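run02.tsv follows; it contains TSV, C-alpha atoms.
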```
chain	number	residue	atom	x	y	z
J	335	MET	CA	-0.45	-6.38	28.28
J	336	ASN	CA	-3.01	-9.13	28.69
J	337	SER	CA	-1.44	-12.60	28.54
J	338	LYS	CA	-4.77	-14.11	27.49
J	339	ILE	CA	-4.79	-11.96	24.36
J	340	LEU	CA	-1.16	-12.70	23.61
J	341	TYR	CA	-1.84	-16.45	24.00
J	342	LYS	CA	-4.71	-16.21	21.54
J	343	ALA	CA	-2.42	-14.36	19.13
J	344	LEU	CA	0.04	-17.25	19.38
J	345	LYS	CA	-2.72	-19.74	18.63
J	346	LEU	CA	-3.69	-17.64	15.59
J	347	VAL	CA	-0.10	-17.75	14.42
J	348	GLU	CA	-0.23	-21.52	14.70
J	349	GLU	CA	-3.44	-21.56	12.69
J	350	VAL	CA	-1.94	-19.41	9.92
J	351	TYR	CA	1.04	-21.74	9.71
J	352	ASP	CA	-1.18	-24.84	9.58
J	353	GLU	CA	-3.26	-23.22	6.85
J	354	SER	CA	-0.09	-22.48	4.86
J	355	MET	CA	0.67	-26.20	4.74
J	356	TYR	CA	-2.69	-27.30	3.40
J	357	GLY	CA	-4.51	-24.30	1.97
J	358	VAL	CA	-3.88	-20.57	1.66
J	359	ASP	CA	-0.17	-19.77	1.89
J	360	ASP	CA	-0.11	-16.37	3.57
J	361	LEU	CA	2.62	-16.43	6.18
J	362	TYR	CA	2.82	-12.62	6.24
J	363	ARG	CA	-0.38	-12.76	8.31
J	364	ILE	CA	1.81	-14.00	11.16
J	365	LYS	CA	3.85	-10.81	11.09
J	366	ASP	CA	0.73	-8.70	10.69
J	367	ILE	CA	-1.02	-10.31	13.67
J	368	VAL	CA	2.09	-9.92	15.82
J	369	HIS	CA	2.32	-6.23	14.86
J	370	SER	CA	-1.30	-5.70	15.80
J	371	VAL	CA	-0.71	-6.72	19.42
J	372	ASP	CA	2.76	-5.20	19.86
J	373	LYS	CA	3.62	-2.62	22.48
J	374	ASN	CA	3.19	0.41	20.19
J	375	HIS	CA	-0.29	-0.57	19.09
J	376	TRP	CA	-1.31	-1.63	22.57
J	377	GLU	CA	-0.24	1.69	24.09
J	378	SER	CA	-1.54	3.97	21.35
J	379	LYS	CA	-4.97	2.37	21.36
J	380	LYS	CA	-5.14	2.36	25.14
J	381	TRP	CA	-4.21	6.05	25.01
J	382	LEU	CA	-7.23	6.72	22.79
J	383	ALA	CA	-9.60	4.68	24.95
J	384	ASP	CA	-8.42	6.42	28.14
J	385	LYS	CA	-8.78	9.94	26.72
J	386	LEU	CA	-12.09	9.30	25.02
J	387	PHE	CA	-13.41	7.85	28.27
J	388	GLU	CA	-12.51	11.08	30.09
J	389	LEU	CA	-14.27	13.22	27.51
J	390	TYR	CA	-17.28	11.10	26.58
J	391	GLY	CA	-18.92	11.01	30.00
J	392	TYR	CA	-21.53	8.27	29.51
J	393	ASN	CA	-21.72	4.52	29.99
J	394	GLU	CA	-24.01	3.91	27.05
J	395	GLY	CA	-23.77	4.50	23.33
J	396	LYS	CA	-22.59	2.91	20.11
J	397	PHE	CA	-19.00	3.16	18.87
J	398	TYR	CA	-17.83	2.52	15.31
J	399	VAL	CA	-14.17	1.61	14.87
J	400	ALA	CA	-13.08	2.27	11.27
J	401	GLY	CA	-10.08	0.37	9.94
J	402	GLY	CA	-10.31	-1.78	13.05
J	403	TRP	CA	-7.67	-4.31	11.85
J	404	TYR	CA	-7.68	-7.40	14.11
J	405	GLY	CA	-9.67	-5.68	16.87
J	406	MET	CA	-7.19	-4.24	19.36
J	407	MET	CA	-8.85	-0.80	19.33
J	408	ALA	CA	-12.28	-2.26	19.99
J	409	TYR	CA	-10.85	-4.39	22.80
J	410	GLN	CA	-9.28	-1.34	24.47
J	411	LEU	CA	-12.61	0.49	24.27
J	412	ARG	CA	-14.36	-2.49	25.84
J	413	GLN	CA	-11.92	-2.36	28.76
J	414	LYS	CA	-13.12	1.18	29.52
J	415	TRP	CA	-16.79	0.52	28.76
J	416	PRO	CA	-17.41	-3.02	30.05
J	417	GLY	CA	-21.20	-2.75	30.22
J	418	GLU	CA	-23.53	-4.10	27.56
J	419	GLU	CA	-25.12	-0.67	27.24
J	420	MET	CA	-22.09	0.28	25.15
J	421	ASN	CA	-22.30	-1.28	21.70
J	422	ILE	CA	-18.95	-1.58	19.89
J	423	VAL	CA	-18.62	-2.29	16.16
J	424	SER	CA	-15.20	-2.86	14.59
J	425	ALA	CA	-15.03	-2.77	10.79
J	426	ASP	CA	-12.22	-3.38	8.32
J	427	CYS	CA	-12.27	-3.79	4.54
J	428	ASP	CA	-9.86	-6.74	4.74
J	429	PRO	CA	-12.09	-9.82	5.21
J	430	MET	CA	-9.38	-11.73	7.05
J	431	CYS	CA	-9.44	-9.10	9.80
J	432	GLU	CA	-13.00	-10.04	10.70
J	433	GLU	CA	-12.17	-13.75	10.75
J	434	TYR	CA	-9.13	-13.34	13.00
J	435	ALA	CA	-10.66	-10.64	15.21
J	436	TRP	CA	-13.51	-12.96	16.20
J	437	LYS	CA	-10.90	-15.48	17.32
J	438	LEU	CA	-8.59	-13.01	19.03
J	439	PHE	CA	-11.27	-11.12	20.93
J	440	ASP	CA	-14.13	-13.55	21.32
J	441	GLY	CA	-16.08	-13.13	24.54
J	442	TYR	CA	-15.66	-9.35	24.68
J	443	ASP	CA	-19.04	-8.47	23.20
J	444	ILE	CA	-17.61	-6.74	20.14
J	445	SER	CA	-19.23	-6.94	16.72
J	446	PHE	CA	-16.63	-7.43	14.00
J	447	LYS	CA	-17.57	-6.97	10.37
J	448	THR	CA	-16.03	-6.65	6.92
J	449	SER	CA	-16.82	-3.21	5.62
J	450	ASP	CA	-15.10	-0.25	4.00
J	451	VAL	CA	-15.85	2.87	6.02
J	452	ASN	CA	-16.30	4.73	2.73
J	453	ASP	CA	-19.30	2.54	1.98
J	454	GLU	CA	-21.01	3.48	5.25
J	455	GLU	CA	-23.61	6.11	4.50
J	456	ASP	CA	-25.46	6.29	7.80
J	457	PHE	CA	-23.63	7.11	11.01
J	458	SER	CA	-26.76	8.39	12.73
J	459	GLY	CA	-26.83	5.59	15.28
J	460	TYR	CA	-23.26	6.09	16.43
J	461	SER	CA	-22.14	8.20	19.38
J	462	ALA	CA	-18.45	8.00	18.44
J	463	ILE	CA	-16.38	7.10	15.40
J	464	ILE	CA	-12.89	5.90	16.18
J	465	ASN	CA	-10.15	5.59	13.59
J	466	THR	CA	-6.54	4.77	14.44
J	467	SER	CA	-5.73	3.94	10.81
J	468	CYS	CA	-5.90	7.48	9.44
J	469	GLU	CA	-2.38	7.23	8.03
J	470	HIS	CA	-3.66	4.45	5.74
J	471	MET	CA	-6.68	6.39	4.47
J	472	GLU	CA	-7.19	9.20	1.97
J	473	GLN	CA	-7.61	12.60	3.62
J	474	GLU	CA	-10.84	13.27	1.72
J	475	ASP	CA	-12.28	10.07	3.17
J	476	LEU	CA	-11.56	11.27	6.70
J	477	ILE	CA	-13.31	14.53	5.90
J	478	SER	CA	-16.21	12.58	4.41
J	479	ILE	CA	-16.65	10.62	7.65
J	480	ILE	CA	-16.82	13.89	9.59
J	481	GLU	CA	-19.30	15.40	7.13
J	482	LYS	CA	-21.55	12.33	7.22
J	483	LYS	CA	-21.70	11.96	11.00
J	484	PRO	CA	-24.31	13.67	13.23
J	485	GLU	CA	-23.08	16.88	14.84
J	486	GLN	CA	-22.96	15.42	18.35
J	487	THR	CA	-21.12	12.25	17.37
J	488	TRP	CA	-17.58	12.18	18.69
J	489	VAL	CA	-14.60	11.44	16.50
J	490	ALA	CA	-11.30	10.14	17.84
J	491	PHE	CA	-8.70	9.92	15.09
J	492	GLN	CA	-5.04	8.94	15.14
J	493	THR	CA	-2.35	9.26	12.50
J	494	ASN	CA	1.46	9.46	12.68
J	495	ASN	CA	4.57	10.91	11.05
J	496	TYR	CA	5.98	7.55	9.94
J	497	VAL	CA	6.24	8.32	6.22
J	498	ASP	CA	8.62	5.51	5.25
J	499	LEU	CA	5.99	2.80	4.92
J	500	HIS	CA	4.30	2.48	1.53
J	501	SER	CA	0.90	1.92	3.10
J	502	HIS	CA	1.17	5.20	5.04
J	503	ILE	CA	-0.37	7.59	2.54
J	504	ASN	CA	-1.69	10.20	4.97
J	505	CYS	CA	0.96	11.12	7.53
J	506	TRP	CA	1.25	14.50	9.21
J	507	PRO	CA	4.24	16.31	10.72
J	508	THR	CA	2.45	17.48	13.88
J	509	ALA	CA	-0.71	16.79	15.85
J	510	GLN	CA	-1.80	20.39	15.47
J	511	LEU	CA	-1.63	20.31	11.66
J	512	PHE	CA	-3.54	17.03	11.64
J	513	ALA	CA	-6.21	18.60	13.85
J	514	GLU	CA	-6.51	21.63	11.59
J	515	SER	CA	-6.82	19.40	8.52
J	516	LEU	CA	-9.95	17.75	9.93
J	517	GLY	CA	-11.88	20.99	10.37
J	518	LEU	CA	-13.89	19.80	13.36
J	519	LYS	CA	-16.45	22.22	14.77
J	520	TYR	CA	-15.32	21.37	18.29
J	521	THR	CA	-11.87	20.05	19.13
J	522	ALA	CA	-11.54	18.71	22.65
J	523	TYR	CA	-8.12	17.13	22.64
J	524	VAL	CA	-4.96	17.25	20.50
J	525	ASP	CA	-1.77	15.56	21.60
J	526	THR	CA	1.27	13.51	20.63
J	527	LEU	CA	2.43	10.13	21.88
J	528	GLU	CA	6.18	9.85	21.39
J	529	LEU	CA	7.09	6.29	20.45
J	530	LYS	CA	10.51	4.86	19.80
J	531	ASP	CA	10.83	5.59	16.08
J	532	PHE	CA	7.99	7.96	15.32
J	533	ASN	CA	5.23	10.07	16.84
J	534	ARG	CA	1.54	9.19	16.97
J	535	PHE	CA	-0.96	12.03	16.88
J	536	MET	CA	-4.49	12.05	18.26
J	537	VAL	CA	-7.42	14.39	17.79
J	538	ILE	CA	-10.71	14.03	19.65
J	539	GLY	CA	-13.67	16.25	19.00
J	540	ARG	CA	-17.07	16.54	17.40
T	390	MET	CA	4.22	0.79	-29.74
T	391	ASN	CA	3.87	3.04	-26.69
T	392	ILE	CA	6.95	3.58	-24.57
T	393	ILE	CA	6.25	4.74	-21.03
T	394	CYS	CA	8.21	5.70	-17.92
T	395	VAL	CA	6.83	6.31	-14.45
T	396	LYS	CA	8.25	9.12	-12.32
T	397	PHE	CA	6.85	9.65	-8.83
T	398	GLY	CA	8.65	11.23	-5.92
T	399	PRO	CA	12.01	12.99	-5.86
T	400	LYS	CA	14.41	10.07	-6.39
T	401	TYR	CA	14.77	10.49	-10.15
T	402	GLY	CA	14.54	13.87	-11.88
T	403	ALA	CA	13.13	14.75	-15.29
T	404	GLU	CA	16.61	14.36	-16.79
T	405	PHE	CA	16.33	10.58	-16.41
T	406	VAL	CA	13.12	10.56	-18.46
T	407	ASN	CA	14.57	12.90	-21.04
T	408	LYS	CA	17.65	10.71	-21.45
T	409	ILE	CA	15.60	7.62	-22.28
T	410	TYR	CA	13.45	9.70	-24.64
T	411	LYS	CA	16.54	10.95	-26.49
T	412	ASP	CA	18.23	7.53	-26.47
T	413	LEU	CA	15.17	6.18	-28.25
T	414	ASN	CA	15.48	8.96	-30.87
T	415	GLN	CA	12.50	10.92	-29.56
T	416	PRO	CA	9.61	8.67	-30.58
T	417	THR	CA	6.13	10.15	-30.99
T	418	ASP	CA	4.45	7.65	-28.67
T	419	PHE	CA	6.63	8.28	-25.64
T	420	TYR	CA	4.81	8.86	-22.35
T	421	CYS	CA	5.64	9.69	-18.77
T	422	TYR	CA	3.18	8.98	-15.97
T	423	THR	CA	4.14	11.41	-13.22
T	424	ASP	CA	3.23	13.56	-10.26
T	425	ASP	CA	5.65	16.26	-11.44
T	426	ALA	CA	6.11	17.07	-15.13
T	427	ALA	CA	8.52	19.97	-14.55
T	428	GLY	CA	11.60	19.72	-16.72
T	429	LEU	CA	10.31	17.03	-19.06
T	430	HIS	CA	11.22	17.41	-22.74
T	431	LYS	CA	8.33	18.99	-24.67
T	432	GLY	CA	8.10	15.92	-26.87
T	433	VAL	CA	7.27	13.69	-23.92
T	434	ASN	CA	3.54	13.03	-23.58
T	435	VAL	CA	2.69	13.64	-19.95
T	436	ILE	CA	0.06	11.51	-18.22
T	437	PRO	CA	-0.59	13.27	-14.92
T	438	ASP	CA	-1.13	11.44	-11.64
T	439	MET	CA	-4.57	9.80	-11.88
T	440	GLY	CA	-5.23	10.30	-8.18
T	441	ARG	CA	-6.96	7.86	-5.91
T	442	PRO	CA	-5.85	5.51	-4.68
T	443	THR	CA	-2.77	7.39	-3.53
T	444	LEU	CA	0.27	5.22	-4.12
T	445	LYS	CA	3.91	5.77	-3.27
T	446	LYS	CA	6.99	5.31	-5.44
T	447	TRP	CA	7.09	2.20	-7.65
T	448	TRP	CA	3.59	1.09	-6.69
T	449	ASN	CA	2.42	3.62	-9.30
T	450	LYS	CA	3.68	1.20	-11.96
T	451	LEU	CA	0.66	-0.98	-11.22
T	452	ARG	CA	-1.58	1.87	-12.37
T	453	LEU	CA	-0.40	1.17	-15.91
T	454	PHE	CA	-2.68	-1.89	-15.83
T	455	ASP	CA	-5.80	0.12	-14.99
T	456	LYS	CA	-8.38	-0.19	-17.78
T	457	ASN	CA	-8.90	3.58	-17.45
T	458	PHE	CA	-5.24	4.32	-18.03
T	459	PRO	CA	-5.13	6.41	-21.23
T	460	LEU	CA	-3.07	4.10	-23.42
T	461	SER	CA	-4.12	1.59	-26.03
T	462	GLY	CA	-2.31	-1.27	-27.72
T	463	GLY	CA	1.22	-2.60	-27.39
T	464	THR	CA	3.14	-0.90	-24.59
T	465	LEU	CA	6.64	-1.11	-23.16
T	466	PHE	CA	7.57	0.26	-19.75
T	467	LEU	CA	11.12	1.21	-18.83
T	468	ASP	CA	12.39	2.04	-15.35
T	469	LEU	CA	14.32	5.27	-15.04
T	470	ASP	CA	17.48	3.43	-14.00
T	471	VAL	CA	17.60	1.52	-17.29
T	472	GLN	CA	20.21	2.17	-19.95
T	473	VAL	CA	19.04	1.61	-23.53
T	474	HIS	CA	21.67	0.20	-25.87
T	475	ASP	CA	19.73	-0.57	-29.00
T	476	PRO	CA	16.66	1.56	-29.76
T	477	LYS	CA	15.83	-0.36	-32.95
T	478	ARG	CA	15.51	-3.62	-31.05
T	479	ILE	CA	13.38	-1.92	-28.38
T	480	PHE	CA	10.68	-1.28	-30.96
T	481	GLN	CA	10.74	-4.92	-32.06
T	482	ILE	CA	9.93	-6.28	-28.60
T	483	PRO	CA	6.67	-8.28	-28.71
T	484	THR	CA	3.87	-6.82	-26.61
T	485	GLU	CA	1.13	-9.43	-27.01
T	486	ASN	CA	1.73	-11.00	-23.61
T	487	LEU	CA	2.57	-9.57	-20.21
T	488	THR	CA	6.35	-9.92	-20.03
T	489	PHE	CA	8.90	-9.12	-17.32
T	490	ILE	CA	12.65	-9.53	-16.86
T	491	ASN	CA	13.81	-12.98	-15.84
T	492	CYS	CA	16.38	-12.60	-13.04
T	493	HIS	CA	18.39	-15.56	-14.29
T	494	TRP	CA	21.27	-14.39	-12.13
T	495	LYS	CA	19.31	-15.40	-9.04
T	496	GLN	CA	20.31	-19.03	-8.78
T	497	GLY	CA	19.85	-21.53	-5.97
T	498	GLU	CA	17.18	-23.37	-4.05
T	499	LEU	CA	16.50	-20.31	-1.90
T	500	TYR	CA	14.67	-18.61	-4.76
T	501	ASN	CA	12.44	-21.61	-5.41
T	502	ARG	CA	10.76	-21.54	-2.01
T	503	LEU	CA	7.04	-20.94	-2.18
T	504	SER	CA	7.06	-17.87	0.05
T	505	ASN	CA	10.51	-16.57	-0.81
T	506	TYR	CA	10.67	-12.85	-0.31
T	507	ASP	CA	13.14	-12.30	-3.14
T	508	VAL	CA	11.59	-13.24	-6.48
T	509	LYS	CA	13.18	-14.29	-9.76
T	510	MET	CA	11.68	-11.61	-11.96
T	511	ASN	CA	11.76	-7.84	-11.96
T	512	SER	CA	9.75	-5.09	-13.51
T	513	SER	CA	12.49	-2.76	-14.77
T	514	MET	CA	11.15	-3.51	-18.25
T	515	ILE	CA	7.57	-4.67	-18.89
T	516	ALA	CA	5.74	-5.38	-22.14
T	517	TRP	CA	1.98	-5.80	-22.44
T	518	ASN	CA	-1.09	-5.05	-24.49
T	519	ALA	CA	-2.97	-2.22	-22.81
T	520	ASP	CA	-6.27	-3.41	-24.33
T	521	ASP	CA	-6.06	-6.91	-22.85
T	522	PRO	CA	-8.82	-7.42	-20.23
T	523	GLU	CA	-6.58	-9.91	-18.41
T	524	ILE	CA	-4.14	-7.06	-17.79
T	525	HIS	CA	-6.89	-4.92	-16.29
T	526	LYS	CA	-7.68	-7.72	-13.85
T	527	ILE	CA	-4.26	-7.17	-12.23
T	528	TRP	CA	-5.21	-3.63	-11.22
T	529	ASP	CA	-8.64	-4.79	-10.14
T	530	HIS	CA	-7.12	-7.57	-8.06
T	531	PHE	CA	-4.88	-5.05	-6.32
T	532	ASN	CA	-7.81	-2.76	-5.54
T	533	THR	CA	-9.80	-5.03	-3.31
T	534	GLY	CA	-10.16	-4.66	0.43
T	535	LEU	CA	-6.72	-6.24	0.60
T	536	ARG	CA	-4.85	-3.35	-1.08
T	537	ASP	CA	-3.45	-1.98	2.16
T	538	TYR	CA	-2.43	-5.50	3.16
T	539	TYR	CA	-0.62	-5.98	-0.15
T	540	LEU	CA	1.27	-2.72	0.40
T	541	ARG	CA	2.45	-4.00	3.77
T	542	LYS	CA	3.16	-7.52	2.63
T	543	TYR	CA	4.94	-7.12	-0.68
T	544	VAL	CA	6.97	-3.88	-0.52
T	545	GLY	CA	7.12	-3.83	-4.32
T	546	ILE	CA	5.13	-4.87	-7.36
T	547	ASP	CA	7.44	-7.74	-8.34
T	548	ARG	CA	6.47	-9.74	-5.27
T	549	PHE	CA	2.83	-8.82	-5.75
T	550	ILE	CA	2.90	-10.15	-9.32
T	551	VAL	CA	4.65	-13.39	-8.38
T	552	HIS	CA	2.87	-14.24	-5.14
T	553	GLU	CA	-0.59	-13.26	-6.33
T	554	ASP	CA	-0.12	-15.78	-9.12
T	555	ILE	CA	-0.31	-13.35	-12.04
T	556	VAL	CA	0.56	-15.18	-15.27
T	557	TYR	CA	3.47	-13.66	-17.18
T	558	ASP	CA	6.24	-14.39	-19.67
T	559	THR	CA	9.87	-13.34	-19.44
T	560	PHE	CA	12.16	-11.72	-21.96
T	561	PRO	CA	15.05	-13.77	-23.37
T	562	ASN	CA	17.97	-13.58	-20.96
T	563	THR	CA	20.30	-12.09	-23.56
T	564	TRP	CA	18.09	-9.03	-23.95
T	565	ILE	CA	18.88	-7.83	-20.44
T	566	GLN	CA	22.01	-7.12	-18.44
T	567	SER	CA	21.98	-6.60	-14.69
T	568	LYS	CA	24.75	-4.15	-13.89
T	569	LYS	CA	24.86	-5.33	-10.30
T	570	HIS	CA	24.69	-9.08	-10.82
T	571	HIS	CA	26.15	-9.46	-14.34
T	572	PRO	CA	28.63	-6.62	-14.81
T	573	ASP	CA	30.64	-8.63	-17.37
T	574	ILE	CA	28.75	-10.24	-20.25
T	575	ASN	CA	29.60	-11.60	-23.67
T	576	TYR	CA	26.41	-10.62	-25.46
T	577	GLN	CA	24.86	-7.36	-26.63
T	578	PRO	CA	21.78	-6.65	-24.48
T	579	ILE	CA	18.93	-4.36	-25.45
T	580	VAL	CA	18.97	-2.72	-22.03
T	581	THR	CA	21.03	-2.72	-18.86
T	582	THR	CA	19.19	-2.46	-15.59
T	583	PHE	CA	20.86	-0.77	-12.63
T	584	GLU	CA	18.32	-2.23	-10.23
T	585	GLU	CA	19.48	-2.39	-6.59
T	586	LEU	CA	22.21	0.19	-7.27
T	587	GLU	CA	22.27	3.84	-6.27
T	588	ILE	CA	23.00	5.73	-9.45
T	589	GLU	CA	23.35	9.20	-10.92
T	590	LEU	CA	22.55	10.22	-14.47
T	591	LYS	CA	26.21	10.02	-15.47
T	592	ASP	CA	26.20	6.29	-14.65
T	593	LEU	CA	23.73	5.74	-17.48
T	594	ILE	CA	25.85	7.49	-20.10
```

Translate the structure of the given file into structure tokens.
Amino acid sequence: MNSKILYKALKLVEEVYDESMYGVDDLYRIKDIVHSVDKNHWESKKWLADKLFELYGYNEGKFYVAGGWYGMMAYQLRQKWPGEEMNIVSADCDPMCEEYAWKLFDGYDISFKTSDVNDEEDFSGYSAIINTSCEHMEQEDLISIIEKKPEQTWVAFQTNNYVDLHSHINCWPTAQLFAESLGLKYTAYVDTLELKDFNRFMVIGR
Amino acid sequence: MNIICVKFGPKYGAEFVNKIYKDLNQPTDFYCYTDDAAGLHKGVNVIPDMGRPTLKKWWNKLRLFDKNFPLSGGTLFLDLDVQVHDPKRIFQIPTENLTFINCHWKQGELYNRLSNYDVKMNSSMIAWNADDPEIHKIWDHFNTGLRDYYLRKYVGIDRFIVHEDIVYDTFPNTWIQSKKHHPDINYQPIVTTFEELEIELKDLI
């Protein structure tokens, strides 16, 4: 893990606490921010960036990260594609994600914005759509992303089998079943990352 | 007055709904909002799962506040682990204002902290007017870009209601018994809630 990122996460925690004393009382953000940089998320997002890098084959392009949370996925992509010819956009419908992502990952040439992926109608400029929050999203919305994207645009999606959380509304028992549910015309990679308490599944294709 | 139960997932079977329906002497305006109507008494009006957004377990109770939910007027919700003692008094419960159970058994400074995780109300019984626009704002508030965050943060709707500063009343303490926290009481409650207890149907008889 990168100590610079972890230090920034600590400073964000301090900021959330300070805000709770004088303004918005939302201490759960502390836990949420900590989760977003923990070992599981670090490794699973690095896994995606590494595999997509092997398959994608170019230095340039434009990536859209859906459900980008506080920006860890976009950061991992930037580690693999450091050049400015790769444009990376990270979007999340929670407005606080944009605010904190700019602070956590400033200086990495990532564009953070507040947007619901379901409101995005035009993916024509994107060479890949990345989504590691599939377990939080309706299945028909995942299908809609695939239907809206240009044929040559890559998708790299992750979900898991961690059904016990109330926010996990779209879990799958295996990577293969998740892959089949997406109906991609070309599937390049399907695999499972075994974590301590659950499995994370990844599908990459077009 | 509408009486409604919510049954999602496998924890409670249709027999729990049917018991409340029968305990209330099979009222005409009795509803069950559910993802599985199998086994429900034919007199129970079924409101099928309204679909998106997909919600798990008790979070479906919030759907009752959706302006598109097909109920109108005074409404009373009962959890499936509630035992009804006095059906006549049930139908006299006021429904003008949003009203929850006051957990008066939760005493101490701990519960008064601003961010306390455990709150001093619960939603085992709720009264409200389904036509009140202020009620519909609760559902709308939940369905912002923060919905997923709320699901992570609050675990249940009680904490959502309290910490999102929804205005509500509480029922008189003597209307409710908590089987877990107040097993011995010297008053006749309208209902007993078995909240926080693992129960079977026979426990409610």

- Task: Check every residue of chain T for an atom within 9 Å of chain J, counting only C-alpha atoms, and provide those that qualify as a list in words.
- Result: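 Result: Arg441, Pro442, Thr443, Leu444, Lys445, Lys446, Trp448, Leu503, Ser504, Thr533, Gly534, Leu535, Arg536, Asp537, Tyr538, Tyr539, Leu540, Arg541, Lys542 and Val544 of chain T.
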
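Between atom CA of T:Gly398 and atom CA of J:Ala509 there is a distance of 24.3 Å.
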
- Task: Tell me, as a VMD selection string, which residues lie within 8 Å of T:Thr581, counting all atoms listed in the file; anything in the same chain fewer than 6 positions away does not count.
- Result: chain T and resid 471 to 474 565 to 568

- Contact residues around stretch 482-484 of chain J with only C-alpha atoms at 8 Å, ignoring same-chain residues under 6 positions, as number ranges by chain: J: 455-458

- Residues near stretch 374-387 of chain J, cut-off 8 Å, all atoms listed in the file, skip fewer than 4 positions along chain, as a list in words: Met335, His369, Ser370, Gly391, Met406, Met407, Gln410, Leu411, Lys414, Thr466, Ala490, Leu527, Leu529, Arg534, Met536 and Ile538 of chain J

- Message: Can you pull out the residues contacting T:His571? Cut-off 12 Å, using all atoms listed in the file, and skip same-chain residues under 4 positions away; I want them as a list in words.
- Response: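 That gives Cys492, His493, Trp494, Lys495, Asn562, Thr563, Ile565, Gln566, Ser567, Asn575, Tyr576, Pro578, Thr581, Thr582, Phe583 and Glu584 of chain T.
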